[in-house]
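*Asks:* I have a structure here, written as structure tokens, and I will follow up with some questions on it.
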Amino acid sequence: MDEMEEELKCPVCGSFYREPIILPCSHNICLACARNILVQTPDAESPQSSRASGSGVSDYDYLDLDKMSLYSEADSGYGSYGGFVSAPTTPCQKSPNGVRVFPPTVPQHPPPQHLLPQPGSLPPIPRNSCITCPQCHRSLILDDRGLRGFPKNRVLEGVVDRYQQSKAAALKCQLCEKSPKEATVMCEQCDVFYCDPCRLRCHPPRGPLAKHRLVPPAQGRISRRASPRKISTCTEHELENLSMYCVQCKTPVCYQCLEEGKHGTHEVKALGAMWKLHKGQLSQALNGLSDRATEAKEFLVQLRNMVQHIQENGVEFEACLVAQCDALIDALNRRKAQLLSRVNKEHEHKLKVVRDQISHCTVKLRQTTGLMEYCLEVIKENDPSGFLQISDALIRRVHMTEGQWGKGTLTPRMTSDFDLTLDSGPLLQTIHQLDFVQMKVPAAPMLQLEECCTQNNSATLSWKQPPLSTIAVDGYILELDDGNGGPFREVYVGTETICTVDGLHFNSTYKSRVKAFNASGVGQYSKTLIMQTSEIAWFTFDPASAHPDIIFSNDNLTVTCNSYDDRVVMANSAFSRGVHYWEMTVDRYDNHPDPAFGIARSDVLKDVMLGKDDKAWSMYVDNNRSWFMHNNSHTNRTDGGITKGATIGVLLDFTRRILIFLINDEQQGPVAFEGLEGVYYPAISLNRNVQVTLHTGLPIPDFYTPGEADPTSSVC
């Protein structure tokens, strides 16, 4: 019920509907709010004349106007006296629910007493007044009836009453903007529950409001429930009850409307019957809407579950990321320790070498210094003979010691620099390139059935990734079975999402499926699609595989040759299963040539008569007789030749693995060839003296009854 509350609130004042009327656009609005948003067109009367015309307004209706003013001031900021408005250039304001409306001009002082509404009249509506729907913004100029021309929505009014009665027992103030307080009074004229602060602010006991009767909330609820339901009456004939329904205008009408009004020539039906009919239609429409609402609820549950799963997966993924980064940091710390160990070893080695050299040099320097001091003392001796006895030995020792201080002795054995440079560039580059890679295989593709089709013996398949899938796809793999319930085989691998497979068997049922792959692996298969190829073979001659001397016409159905030598041309379709029949008519036959008709492998020789090699099986025929030929072996000479206009038929039956020829609907000789298996193309050989036209898609001749398949045969 709470979800329905927005449907029961006026788009202008934001409160529950009070005396709702139905606009032509099918939207609803409070009667008081409708008066409040009226705008005069440029042809409207002057404000003075409009005000003067309001001198005949009743007290009761003025109270309605006052009630309207009260709600407008309390809820939307509209002016107090809502029957007269300014030009359409009046700045717009917003109601509590955000709908833009044009408020009326507010008089600065209460109107004089002689301008107050008088009993027995309705509040005046300015001529040429215009009302704009606050929801769809469609505008309508009112006629002489004014707002009375709009039907009152009694059903909506009743729903609002029932909804308000079903609310909680504690009556709340209807004007509190936030956290409504408990109501203390109800105004019978305004039909509004007030708390004390809102009553003092919005319903002061002065002016016209002083005449309003305030009652306790409980008594006000009882009076609401006890108020009798109003009987729906015609908007044009207020004394007449609505009794019929105009089908053309789609509105209830009264008896007088049918007799005098514009509905006299329209189709009408009983109001009760149309009431039941429309109730049924509404119920039926609600069933579909209910299904959509159920789906929406299930979808919301799915989304809420996704939120929970996303949160759980986010926590898990974050923990995994932290663990991986910590592992990298640990590995870097271990490598750091290893490198520091190498630096320490190099440091100790350098120190040891330098210290050893210092020790060695110190010893030698001590020895050299001692020798120098000794020699100086010897030089001081004055005994020549004694000096000469030892001078040679001392000279040799000095030279020897000097030689020990030779080249390299006074050069450091180790440099103070560390000849180590840490190559951190690749690692830093790797760290900068550190990013997430796709950790999941792609989802199963979706076959687009509206784009998948078969034509003749070709099949076109189209697919796409699921709409919500964000996993990268490197390519797709399309698989088909053999059309006979056999295993699947790959027919396409690539990045395209559409593929046409040619060369399938006619009159065969194929199963197809597709899967996606990326660096992480291969995803699941799509749903299997079953396709049926054409029951009857339609084909033409193939220019791509024909000898260059062959001349094509008639959309590749008619061929001839520009050479006197025999040249071979094949069809663009091959057969390996089923029973197939096609015919060729002789359009031109000059000088009694020997055209050959039959079947061939794809690698048959193209510059000799069909049947000369072991790749073709044919019947060649002249104007008197025919022969069967395979691998240059001529057999079964049969009388009966061809002329211009003759028809040659070829019957290939893979169930019996035989080939039969016909001339002018009569079998020519016995069964030509047996034991046929594999893939064969329809083929002929001819020269420039012959022109033939191919006819395909033909039924099997009546005289022939296909047999059951040989269980020992194999089909490729």
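In the structure tokens, chains take the letters A, B, ... in the order shown, each chain's residues start at 1, and ligands count up from 1 in the order shown.
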For Glu19 in chain A, list every protein, DNA or RNA residue within 10 Å, evaluated using only C-alpha atoms, and leave out those in the same chain fewer than 2 positions away; present the list as a list in words.

*Replies:*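 The neighbour list is Phe16, Tyr17, Ile21, Asn28, Ile29, Cys30, Leu31, Ala32, Cys33, Lys152, Asn153, Arg154, Leu156 and Glu157 of chain A.
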
*Asks:* Would you save the residues of that selection, restricted to all heavy atoms, as a CSV table (one decimal), in the first residue's frame?

*Replies:*
```
chain,number,residue,atom,x,y,z
A,16,PHE,N,-2.5,14.3,-1.0
A,16,PHE,CA,-3.5,13.4,-1.6
A,16,PHE,C,-4.6,14.2,-2.4
A,16,PHE,O,-4.9,15.3,-2.1
A,16,PHE,CB,-4.2,12.6,-0.5
A,16,PHE,CG,-3.3,11.5,0.1
A,16,PHE,CD1,-2.8,11.7,1.4
A,16,PHE,CD2,-2.9,10.4,-0.5
A,16,PHE,CE1,-2.0,10.8,2.0
A,16,PHE,CE2,-2.1,9.5,0.0
A,16,PHE,CZ,-1.6,9.7,1.3
A,17,TYR,N,-5.0,13.5,-3.5
A,17,TYR,CA,-6.0,14.2,-4.3
A,17,TYR,C,-7.2,14.6,-3.6
A,17,TYR,O,-7.8,13.8,-2.7
A,17,TYR,CB,-6.4,13.2,-5.5
A,17,TYR,CG,-5.4,13.1,-6.6
A,17,TYR,CD1,-4.6,11.9,-6.7
A,17,TYR,CD2,-5.2,14.1,-7.5
A,17,TYR,CE1,-3.7,11.8,-7.7
A,17,TYR,CE2,-4.3,14.0,-8.5
A,17,TYR,CZ,-3.5,12.8,-8.6
A,17,TYR,OH,-2.6,12.7,-9.6
A,21,ILE,N,-10.0,15.7,-10.9
A,21,ILE,CA,-10.6,15.7,-12.2
A,21,ILE,C,-9.7,15.1,-13.2
A,21,ILE,O,-8.4,15.1,-13.0
A,21,ILE,CB,-11.0,17.2,-12.6
A,21,ILE,CG1,-9.7,18.1,-12.7
A,21,ILE,CG2,-12.0,17.8,-11.7
A,21,ILE,CD1,-10.0,19.5,-13.2
A,28,ASN,N,-4.5,13.2,-13.8
A,28,ASN,CA,-5.4,13.7,-12.8
A,28,ASN,C,-4.8,14.9,-12.1
A,28,ASN,O,-3.6,15.1,-12.0
A,28,ASN,CB,-5.7,12.6,-11.7
A,28,ASN,CG,-6.4,11.4,-12.4
A,28,ASN,OD1,-7.6,11.5,-12.7
A,28,ASN,ND2,-5.6,10.3,-12.5
A,29,ILE,N,-5.7,15.7,-11.5
A,29,ILE,CA,-5.2,16.9,-10.8
A,29,ILE,C,-6.4,17.3,-9.9
A,29,ILE,O,-7.6,17.1,-10.2
A,29,ILE,CB,-4.9,18.1,-11.8
A,29,ILE,CG1,-4.2,19.2,-11.0
A,29,ILE,CG2,-6.1,18.5,-12.5
A,29,ILE,CD1,-3.7,20.3,-11.9
A,30,CYS,N,-6.0,17.9,-8.7
A,30,CYS,CA,-7.1,18.4,-7.8
A,30,CYS,C,-7.8,19.5,-8.4
A,30,CYS,O,-7.3,20.3,-9.2
A,30,CYS,CB,-6.4,18.9,-6.5
A,30,CYS,SG,-5.6,17.6,-5.5
A,31,LEU,N,-9.1,19.6,-8.2
A,31,LEU,CA,-9.9,20.7,-8.7
A,31,LEU,C,-9.4,22.0,-8.3
A,31,LEU,O,-9.3,23.0,-9.1
A,31,LEU,CB,-11.4,20.5,-8.3
A,31,LEU,CG,-12.4,21.6,-8.8
A,31,LEU,CD1,-12.4,21.7,-10.3
A,31,LEU,CD2,-13.7,21.3,-8.2
A,32,ALA,N,-9.0,22.1,-7.0
A,32,ALA,CA,-8.5,23.4,-6.5
A,32,ALA,C,-7.2,23.7,-7.1
A,32,ALA,O,-6.9,24.9,-7.5
A,32,ALA,CB,-8.3,23.3,-5.0
A,33,CYS,N,-6.3,22.7,-7.3
A,33,CYS,CA,-5.0,23.0,-8.0
A,33,CYS,C,-5.2,23.3,-9.5
A,33,CYS,O,-4.5,24.1,-10.0
A,33,CYS,CB,-4.1,21.7,-7.9
A,33,CYS,SG,-3.7,21.3,-6.2
A,152,LYS,N,-15.1,14.3,-13.2
A,152,LYS,CA,-14.5,14.0,-11.9
A,152,LYS,C,-14.1,12.5,-11.7
A,152,LYS,O,-14.9,11.7,-12.1
A,152,LYS,CB,-15.4,14.4,-10.7
A,152,LYS,CG,-15.8,15.9,-10.7
A,152,LYS,CD,-16.7,16.3,-9.6
A,152,LYS,CE,-17.0,17.8,-9.6
A,152,LYS,NZ,-17.9,18.1,-8.4
A,153,ASN,N,-12.9,12.3,-11.2
A,153,ASN,CA,-12.4,10.9,-11.0
A,153,ASN,C,-12.9,10.4,-9.7
A,153,ASN,O,-12.2,10.4,-8.7
A,153,ASN,CB,-10.9,10.9,-11.1
A,153,ASN,CG,-10.4,9.5,-11.4
A,153,ASN,OD1,-11.1,8.5,-11.0
A,153,ASN,ND2,-9.2,9.4,-11.9
A,154,ARG,N,-14.2,9.8,-9.7
A,154,ARG,CA,-14.8,9.3,-8.5
A,154,ARG,C,-14.0,8.1,-8.0
A,154,ARG,O,-13.9,7.9,-6.8
A,154,ARG,CB,-16.2,9.0,-8.7
A,154,ARG,CG,-17.1,10.1,-9.2
A,154,ARG,CD,-17.2,11.2,-8.2
A,154,ARG,NE,-18.1,12.3,-8.6
A,154,ARG,CZ,-18.2,13.4,-8.0
A,154,ARG,NH1,-17.5,13.7,-6.9
A,154,ARG,NH2,-19.1,14.4,-8.4
A,156,LEU,N,-10.7,7.4,-8.3
A,156,LEU,CA,-9.5,7.8,-7.6
A,156,LEU,C,-9.9,8.4,-6.3
A,156,LEU,O,-9.1,8.2,-5.3
A,156,LEU,CB,-8.8,8.8,-8.5
A,156,LEU,CG,-7.5,9.4,-7.9
A,156,LEU,CD1,-6.5,8.3,-7.5
A,156,LEU,CD2,-6.9,10.4,-8.9
A,157,GLU,N,-10.9,9.2,-6.2
A,157,GLU,CA,-11.3,9.8,-4.9
A,157,GLU,C,-11.6,8.7,-3.9
A,157,GLU,O,-11.3,8.8,-2.7
A,157,GLU,CB,-12.5,10.7,-5.1
A,157,GLU,CG,-12.8,11.6,-4.0
A,157,GLU,CD,-13.9,12.6,-4.3
A,157,GLU,OE1,-14.5,12.5,-5.4
A,157,GLU,OE2,-14.1,13.5,-3.5
```

*Asks:* Running DSSP on the backbone, which parts of range 471-546 of chain A land in strand (DSSP E), as a PyMOL selection string?

*Replies:* chain A and resi 475-480+489-494+498-501+509-518+521-522+529-532

*Asks:* Would you give me, as a ChimeraX atom specification, the residues in range 387-587 of chain A that DSSP reads as alpha helix (DSSP H)?

*Replies:* /A:387-404,425-432

*Asks:* Have a look at A:Pro20, A:Gly486, A:Pro151, A:Pro11 and name the one nearest to Gln135 in chain A; count only C-alpha atoms.

*Replies:* A:Pro11

*Asks:* Counting only C-alpha atoms, which residues of range 679-713 of chain A sit at most 7 Å from some atom of range 568-578 of chain A, and what is each one's closest atom pair with its distance in Å to one decimal, listed by chain and rising residue number, as a tab-separated table?

*Replies:*
```
residue	atom	partner	partner_atom	distance
A:Val679	CA	A:Ser576	CA	4.7
A:Tyr680	CA	A:Ala574	CA	5.4
A:Tyr681	CA	A:Ala574	CA	4.5
A:Pro682	CA	A:Ala571	CA	5.4
A:Ala683	CA	A:Met570	CA	4.2
A:Ile684	CA	A:Val568	CA	5.8
A:Ser685	CA	A:Val568	CA	4.2
A:Leu686	CA	A:Val568	CA	6.9
```

*Asks:* Selection from above, all heavy atoms, as an mmCIF file, in the first residue's frame, can you write it?

*Replies:*
```cif
data_model
loop_
_atom_site.group_PDB
_atom_site.id
_atom_site.type_symbol
_atom_site.label_atom_id
_atom_site.label_comp_id
_atom_site.auth_asym_id
_atom_site.auth_seq_id
_atom_site.Cartn_x
_atom_site.Cartn_y
_atom_site.Cartn_z
ATOM 1 N N VAL A 679 33.877 -37.626 -52.399
ATOM 2 C CA VAL A 679 33.295 -36.336 -52.760
ATOM 3 C C VAL A 679 33.436 -36.149 -54.265
ATOM 4 O O VAL A 679 34.535 -36.272 -54.817
ATOM 5 C CB VAL A 679 33.996 -35.179 -52.019
ATOM 6 C CG1 VAL A 679 33.382 -33.834 -52.410
ATOM 7 C CG2 VAL A 679 33.902 -35.381 -50.516
ATOM 8 N N TYR A 680 32.308 -35.858 -54.932
ATOM 9 C CA TYR A 680 32.289 -35.720 -56.380
ATOM 10 C C TYR A 680 31.594 -34.417 -56.774
ATOM 11 O O TYR A 680 30.613 -34.000 -56.142
ATOM 12 C CB TYR A 680 31.552 -36.892 -57.034
ATOM 13 C CG TYR A 680 32.161 -38.240 -56.731
ATOM 14 C CD1 TYR A 680 31.695 -38.997 -55.664
ATOM 15 C CD2 TYR A 680 33.183 -38.749 -57.509
ATOM 16 C CE1 TYR A 680 32.247 -40.230 -55.375
ATOM 17 C CE2 TYR A 680 33.744 -39.991 -57.238
ATOM 18 C CZ TYR A 680 33.272 -40.723 -56.172
ATOM 19 O OH TYR A 680 33.822 -41.944 -55.885
ATOM 20 N N TYR A 681 32.081 -33.815 -57.853
ATOM 21 C CA TYR A 681 31.484 -32.620 -58.435
ATOM 22 C C TYR A 681 30.817 -32.989 -59.756
ATOM 23 O O TYR A 681 31.404 -33.718 -60.563
ATOM 24 C CB TYR A 681 32.540 -31.557 -58.719
ATOM 25 C CG TYR A 681 33.138 -30.923 -57.493
ATOM 26 C CD1 TYR A 681 34.188 -31.525 -56.807
ATOM 27 C CD2 TYR A 681 32.672 -29.698 -57.021
ATOM 28 C CE1 TYR A 681 34.753 -30.937 -55.689
ATOM 29 C CE2 TYR A 681 33.229 -29.103 -55.900
ATOM 30 C CZ TYR A 681 34.263 -29.732 -55.243
ATOM 31 O OH TYR A 681 34.824 -29.143 -54.134
ATOM 32 N N PRO A 682 29.613 -32.480 -60.040
ATOM 33 C CA PRO A 682 29.077 -32.617 -61.397
ATOM 34 C C PRO A 682 30.024 -31.948 -62.395
ATOM 35 O O PRO A 682 30.563 -30.868 -62.132
ATOM 36 C CB PRO A 682 27.733 -31.892 -61.324
ATOM 37 C CG PRO A 682 27.361 -31.940 -59.870
ATOM 38 C CD PRO A 682 28.648 -31.847 -59.118
ATOM 39 N N ALA A 683 30.244 -32.577 -63.554
ATOM 40 C CA ALA A 683 31.230 -32.056 -64.504
ATOM 41 C C ALA A 683 30.852 -32.458 -65.920
ATOM 42 O O ALA A 683 30.134 -33.443 -66.142
ATOM 43 C CB ALA A 683 32.629 -32.560 -64.161
ATOM 44 N N ILE A 684 31.332 -31.689 -66.901
ATOM 45 C CA ILE A 684 31.201 -32.022 -68.317
ATOM 46 C C ILE A 684 32.478 -31.584 -69.017
ATOM 47 O O ILE A 684 33.248 -30.762 -68.499
ATOM 48 C CB ILE A 684 29.986 -31.338 -68.974
ATOM 49 C CG1 ILE A 684 30.182 -29.813 -69.001
ATOM 50 C CG2 ILE A 684 28.694 -31.715 -68.277
ATOM 51 C CD1 ILE A 684 29.157 -29.093 -69.841
ATOM 52 N N SER A 685 32.711 -32.141 -70.212
ATOM 53 C CA SER A 685 33.772 -31.665 -71.104
ATOM 54 C C SER A 685 33.154 -31.433 -72.466
ATOM 55 O O SER A 685 32.295 -32.207 -72.925
ATOM 56 C CB SER A 685 34.927 -32.665 -71.181
ATOM 57 O OG SER A 685 34.512 -33.882 -71.782
ATOM 58 N N LEU A 686 33.574 -30.360 -73.157
ATOM 59 C CA LEU A 686 33.020 -30.010 -74.460
ATOM 60 C C LEU A 686 34.014 -29.151 -75.216
ATOM 61 O O LEU A 686 35.013 -28.686 -74.662
ATOM 62 C CB LEU A 686 31.670 -29.289 -74.299
ATOM 63 C CG LEU A 686 31.543 -28.175 -73.248
ATOM 64 C CD1 LEU A 686 32.244 -26.904 -73.656
ATOM 65 C CD2 LEU A 686 30.075 -27.886 -72.973
#
```

*Asks:* If you count only C-alpha atoms, which residues fall within 8 Å of range 362-376 of chain A, apart from same-chain ones fewer than 2 positions away, as a ChimeraX atom specification?

*Replies:* /A:358-360,378-380,394,398,401

*Asks:* Do you have the CA of Asn507 in chain A-CA of Asn457 in chain A distance handy?

*Replies:* 8.2 Å

*Asks:* Neighbours of range 245-261 of chain A within 7 Å (only C-alpha atoms; same-chain residues fewer than 6 positions away dropped), as an NGL selection string?

*Replies:* :A and (234 or 267-271)

*Asks:* Any chance you could export the current selection's N, CA, C and O atoms as a compact mmCIF listing (two decimals), in the first residue's frame?

*Replies:*
```txt
# COMPACT_ATOMS: atom_id res chain seq x y z
N CYS A 234 -23.43 13.63 -15.32
CA CYS A 234 -22.88 14.11 -16.59
C CYS A 234 -22.31 15.50 -16.39
O CYS A 234 -22.89 16.34 -15.70
N GLU A 267 -21.60 5.26 -31.66
CA GLU A 267 -21.92 3.93 -31.13
C GLU A 267 -21.81 3.97 -29.60
O GLU A 267 -20.80 4.43 -29.05
N VAL A 268 -22.86 3.50 -28.93
CA VAL A 268 -22.87 3.49 -27.47
C VAL A 268 -23.17 2.08 -26.99
O VAL A 268 -23.79 1.27 -27.70
N LYS A 269 -22.70 1.80 -25.80
CA LYS A 269 -22.96 0.52 -25.17
C LYS A 269 -23.34 0.74 -23.72
O LYS A 269 -23.10 1.82 -23.15
N ALA A 270 -23.91 -0.32 -23.13
CA ALA A 270 -24.34 -0.22 -21.74
C ALA A 270 -23.14 0.05 -20.84
O ALA A 270 -22.07 -0.53 -21.02
N LEU A 271 -23.34 0.94 -19.88
CA LEU A 271 -22.25 1.32 -18.99
C LEU A 271 -21.75 0.12 -18.19
O LEU A 271 -20.54 -0.07 -18.02
```

*Asks:* If we count only C-alpha atoms and set the cut-off at 8 Å, which residues sit around Tyr525 in chain A, ignoring sequence neighbours fewer than 2 positions away in its own chain? Please answer as a PDB file with N, CA and C atoms, in the first residue's frame.

*Replies:*
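Now in selection_13.pdb:
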```
ATOM      1  N   ALA A 444      30.738 -18.224 -22.234  1.00  0.00           N
ATOM      2  CA  ALA A 444      30.223 -18.884 -23.430  1.00  0.00           C
ATOM      3  C   ALA A 444      29.567 -17.855 -24.345  1.00  0.00           C
ATOM      4  N   PRO A 445      29.901 -17.833 -25.639  1.00  0.00           N
ATOM      5  CA  PRO A 445      29.253 -16.889 -26.562  1.00  0.00           C
ATOM      6  C   PRO A 445      27.769 -17.187 -26.713  1.00  0.00           C
ATOM      7  N   ARG A 513      28.275 -25.225 -32.730  1.00  0.00           N
ATOM      8  CA  ARG A 513      28.529 -24.587 -31.439  1.00  0.00           C
ATOM      9  C   ARG A 513      29.801 -23.767 -31.561  1.00  0.00           C
ATOM     10  N   VAL A 514      29.990 -22.829 -30.662  1.00  0.00           N
ATOM     11  CA  VAL A 514      31.138 -21.941 -30.708  1.00  0.00           C
ATOM     12  C   VAL A 514      31.624 -21.693 -29.283  1.00  0.00           C
ATOM     13  N   LYS A 515      32.907 -21.462 -29.151  1.00  0.00           N
ATOM     14  CA  LYS A 515      33.502 -21.136 -27.849  1.00  0.00           C
ATOM     15  C   LYS A 515      34.575 -20.075 -28.061  1.00  0.00           C
ATOM     16  N   ALA A 516      34.869 -19.345 -27.006  1.00  0.00           N
ATOM     17  CA  ALA A 516      35.860 -18.264 -27.054  1.00  0.00           C
ATOM     18  C   ALA A 516      37.104 -18.680 -26.286  1.00  0.00           C
ATOM     19  N   GLY A 523      37.010 -21.079 -23.153  1.00  0.00           N
ATOM     20  CA  GLY A 523      35.776 -20.997 -22.382  1.00  0.00           C
ATOM     21  C   GLY A 523      34.804 -22.121 -22.713  1.00  0.00           C
ATOM     22  N   LYS A 527      25.293 -22.637 -26.606  1.00  0.00           N
ATOM     23  CA  LYS A 527      24.238 -23.612 -26.824  1.00  0.00           C
ATOM     24  C   LYS A 527      24.357 -24.170 -28.246  1.00  0.00           C
TER      25      LYS A 527
END
```

*Asks:* Write out as JSON, numbers by chain each polymer residue whose atoms come within 8 Å of Phe654 in chain A, counting only C-alpha atoms; drop sequence neighbours fewer than 2 positions from it.

*Replies:* {"A": [576, 577, 578, 579, 652, 656, 657, 658, 676, 677, 709]}

*Asks:* Report, in Å to a single decimal, how far apart CA of Ile131 in chain A and CA of Leu209 in chain A are.

*Replies:*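 CA of Ile131 in chain A lies 27.9 Å from CA of Leu209 in chain A.
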
*Asks:* Let me make sure I understand: among A:Thr638, A:Thr647, A:Thr409, A:Ser129, which one has the smallest atom-to-atom distance to Leu38 in chain A if we use only C-alpha atoms?

*Replies:*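 Comparing A:Thr638, A:Thr647, A:Thr409, A:Ser129 against Leu38 in chain A, the winner is A:Ser129.
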